[in-house]
file protein.pdb (PDB, C-alpha atoms)
MODEL        1
ATOM      1  CA  MET A 887       0.000   0.000   0.000  1.00  0.00           C
ATOM      2  CA  GLN A 888       2.873   2.363   0.671  1.00  0.00           C
ATOM      3  CA  THR A 889       4.255   1.919  -2.858  1.00  0.00           C
ATOM      4  CA  ALA A 890       0.956   3.046  -4.356  1.00  0.00           C
ATOM      5  CA  ALA A 891       0.941   6.127  -2.131  1.00  0.00           C
ATOM      6  CA  VAL A 892       4.481   7.026  -3.235  1.00  0.00           C
ATOM      7  CA  LEU A 893       3.552   6.625  -6.903  1.00  0.00           C
ATOM      8  CA  ILE A 894       0.467   8.802  -6.460  1.00  0.00           C
ATOM      9  CA  ASP A 895       2.563  11.451  -4.719  1.00  0.00           C
ATOM     10  CA  ILE A 896       5.115  11.382  -7.556  1.00  0.00           C
ATOM     11  CA  GLY A 897       2.311  11.824 -10.106  1.00  0.00           C
ATOM     12  CA  ARG A 898       0.804  14.637  -8.078  1.00  0.00           C
ATOM     13  CA  TYR A 899       4.110  16.529  -7.867  1.00  0.00           C
ATOM     14  CA  TYR A 900       4.767  15.951 -11.573  1.00  0.00           C
ATOM     15  CA  LEU A 901       1.395  17.468 -12.490  1.00  0.00           C
ATOM     16  CA  MET A 902       1.876  20.337 -10.033  1.00  0.00           C
ATOM     17  CA  ALA A 903       5.199  21.164 -11.689  1.00  0.00           C
ATOM     18  CA  GLY A 904       3.415  20.920 -15.039  1.00  0.00           C
ATOM     19  CA  GLY A 905       0.794  23.374 -13.845  1.00  0.00           C
ATOM     20  CA  VAL A 906       3.472  25.877 -12.870  1.00  0.00           C
ATOM     21  CA  VAL A 907       5.243  25.485 -16.224  1.00  0.00           C
ATOM     22  CA  ALA A 908       1.905  25.761 -18.074  1.00  0.00           C
ATOM     23  CA  ALA A 909       0.978  28.958 -16.238  1.00  0.00           C
ATOM     24  CA  LEU A 910       4.358  30.555 -16.888  1.00  0.00           C
ATOM     25  CA  PHE A 911       4.503  29.406 -20.491  1.00  0.00           C
ATOM     26  CA  LEU A 912       0.992  30.545 -21.360  1.00  0.00           C
ATOM     27  CA  VAL A 913       1.434  33.940 -19.714  1.00  0.00           C
ATOM     28  CA  VAL A 914       5.009  34.753 -20.718  1.00  0.00           C
ATOM     29  CA  GLY A 915       6.521  32.221 -23.078  1.00  0.00           C
ATOM     30  CA  ILE A 916       4.023  31.443 -25.800  1.00  0.00           C
ATOM     31  CA  ASP A 917       4.153  34.956 -27.243  1.00  0.00           C
ATOM     32  CA  ARG A 918       7.942  34.799 -27.352  1.00  0.00           C
ATOM     33  CA  VAL A 919       8.167  31.295 -28.801  1.00  0.00           C
ATOM     34  CA  GLU A 920       5.307  31.504 -31.298  1.00  0.00           C
ATOM     35  CA  PRO A 921       4.715  35.029 -32.639  1.00  0.00           C
ATOM     36  CA  SER A 922       1.480  34.021 -34.381  1.00  0.00           C
ATOM     37  CA  ALA A 923      -0.054  33.198 -30.969  1.00  0.00           C
ATOM     38  CA  ARG A 924      -0.146  36.860 -29.983  1.00  0.00           C
ATOM     39  CA  GLY A 925      -3.640  38.078 -29.276  1.00  0.00           C
ATOM     40  CA  SER A 926      -5.278  34.663 -29.391  1.00  0.00           C
ATOM     41  CA  HIS A 927      -6.095  34.152 -25.740  1.00  0.00           C
ATOM     42  CA  ALA A 928      -9.175  31.955 -26.189  1.00  0.00           C
ATOM     43  CA  PHE A 929      -7.266  28.795 -27.099  1.00  0.00           C
ATOM     44  CA  ARG A 930      -4.658  28.983 -24.317  1.00  0.00           C
ATOM     45  CA  PRO A 931      -6.725  27.174 -21.659  1.00  0.00           C
ATOM     46  CA  LEU A 932      -7.060  24.272 -24.088  1.00  0.00           C
ATOM     47  CA  LEU A 933      -3.283  23.805 -23.972  1.00  0.00           C
ATOM     48  CA  ILE A 934      -3.074  23.369 -20.191  1.00  0.00           C
ATOM     49  CA  PRO A 935      -3.686  19.564 -20.017  1.00  0.00           C
ATOM     50  CA  GLY A 936      -1.128  18.843 -22.715  1.00  0.00           C
ATOM     51  CA  ILE A 937       1.500  21.112 -21.206  1.00  0.00           C
ATOM     52  CA  CYS A 938       0.942  19.525 -17.781  1.00  0.00           C
ATOM     53  CA  LEU A 939       1.727  16.111 -19.262  1.00  0.00           C
ATOM     54  CA  ILE A 940       4.728  17.005 -21.421  1.00  0.00           C
ATOM     55  CA  TRP A 941       6.096  19.922 -19.410  1.00  0.00           C
ATOM     56  CA  PRO A 942       9.744  18.749 -19.491  1.00  0.00           C
ATOM     57  CA  LEU A 943       9.675  18.885 -23.303  1.00  0.00           C
ATOM     58  CA  VAL A 944       7.907  22.263 -23.322  1.00  0.00           C
ATOM     59  CA  LEU A 945      10.445  23.669 -20.880  1.00  0.00           C
ATOM     60  CA  TYR A 946      13.378  22.273 -22.880  1.00  0.00           C
ATOM     61  CA  ARG A 947      12.085  23.725 -26.169  1.00  0.00           C
ATOM     62  CA  TRP A 948      11.269  27.070 -24.565  1.00  0.00           C
ATOM     63  CA  ILE A 949      14.791  27.377 -23.135  1.00  0.00           C
ATOM     64  CA  ALA A 950      16.365  26.235 -26.406  1.00  0.00           C
ATOM     65  CA  LEU A 951      14.414  28.811 -28.412  1.00  0.00           C
ATOM     66  CA  GLU A 952      15.191  31.588 -25.935  1.00  0.00           C
ATOM     67  CA  ARG A 953      18.909  30.809 -26.130  1.00  0.00           C
ATOM     68  CA  SER A 954      18.955  30.650 -29.935  1.00  0.00           C
ATOM     69  CA  GLY A 955      17.890  34.276 -30.202  1.00  0.00           C
ATOM     70  CA  PRO A 956      15.258  36.086 -32.229  1.00  0.00           C
ATOM     71  CA  GLU A 957      16.807  35.211 -35.590  1.00  0.00           C
ATOM     72  CA  ASN A 958      15.965  31.493 -35.161  1.00  0.00           C
ATOM     73  CA  LYS A 959      12.445  31.773 -33.694  1.00  0.00           C
ATOM     74  CA  GLY A 960      10.795  30.266 -36.757  1.00  0.00           C
ATOM     75  CA  LYS A 961      13.357  27.504 -37.186  1.00  0.00           C
ATOM     76  CA  ASP A 962      13.773  24.196 -35.379  1.00  0.00           C
ATOM     77  CA  ALA A 963      15.942  24.616 -32.272  1.00  0.00           C
ATOM     78  CA  GLY A 964      16.668  20.936 -31.766  1.00  0.00           C
TER      79      GLY A 964
ENDMDL
END
call {"tool": "encode", "arguments": {"input": "protein.pdb", "output": "structure tokens"}}
result
Amino acid sequence: MQTAAVLIDIGRYYLMAGGVVAALFLVVGIDRVEPSARGSHAFRPLLIPGICLIWPLVLYRWIALERSGPENKGKDAG
């Protein structure tokens, strides 16, 4: 029974971290990573579940695109 509780706690913390990344990304990062997303605020809540699940990838891509500079925003950073 203790193993199940540990696994549930790990999942809970993973999704909590995903929620933090989703909030930061949707408020600050999406406009900087994807210029065509500016002004389209209605679809952003729809992205929250996906970002919560794949937040390590979102965070990695966001950091990679920020480091590459504005000249490579439309190109693949990986």
call {"tool": "atom_distance", "arguments": {"input": "protein.pdb", "atom1": "atom CA of A:Glu952", "atom2": "atom CA of A:Asp917"}}
result
11.6 Å
call {"tool": "resolve_selection", "arguments": {"input": "protein.pdb", "expression": "the PyMOL selection byres ((chain A and resi 945) around 12)", "output": "MDAnalysis selection string"}}
result
chainID A and resid 903:912 915:916 919 937:944 946:952
call {"tool": "atom_distance", "arguments": {"input": "protein.pdb", "atom1": "atom CA of A:Arg924", "atom2": "atom CA of A:Gly936"}}
result
19.5 Å
call {"tool": "axis_aligned_box", "arguments": {"input": "protein.pdb", "around": "stretch 896-905 of chain A", "padding_each_side": "6 Å", "output": "AutoDock Vina command-line options"}}
result
--center_x 3.0 --center_y 17.4 --center_z -11.3 --size_x 16.4 --size_y 24.0 --size_z 19.5
call {"tool": "atom_distance", "arguments": {"input": "protein.pdb", "atom1": "atom CA of A:Arg930", "atom2": "atom CA of A:Met902"}}
result
17.9 Å
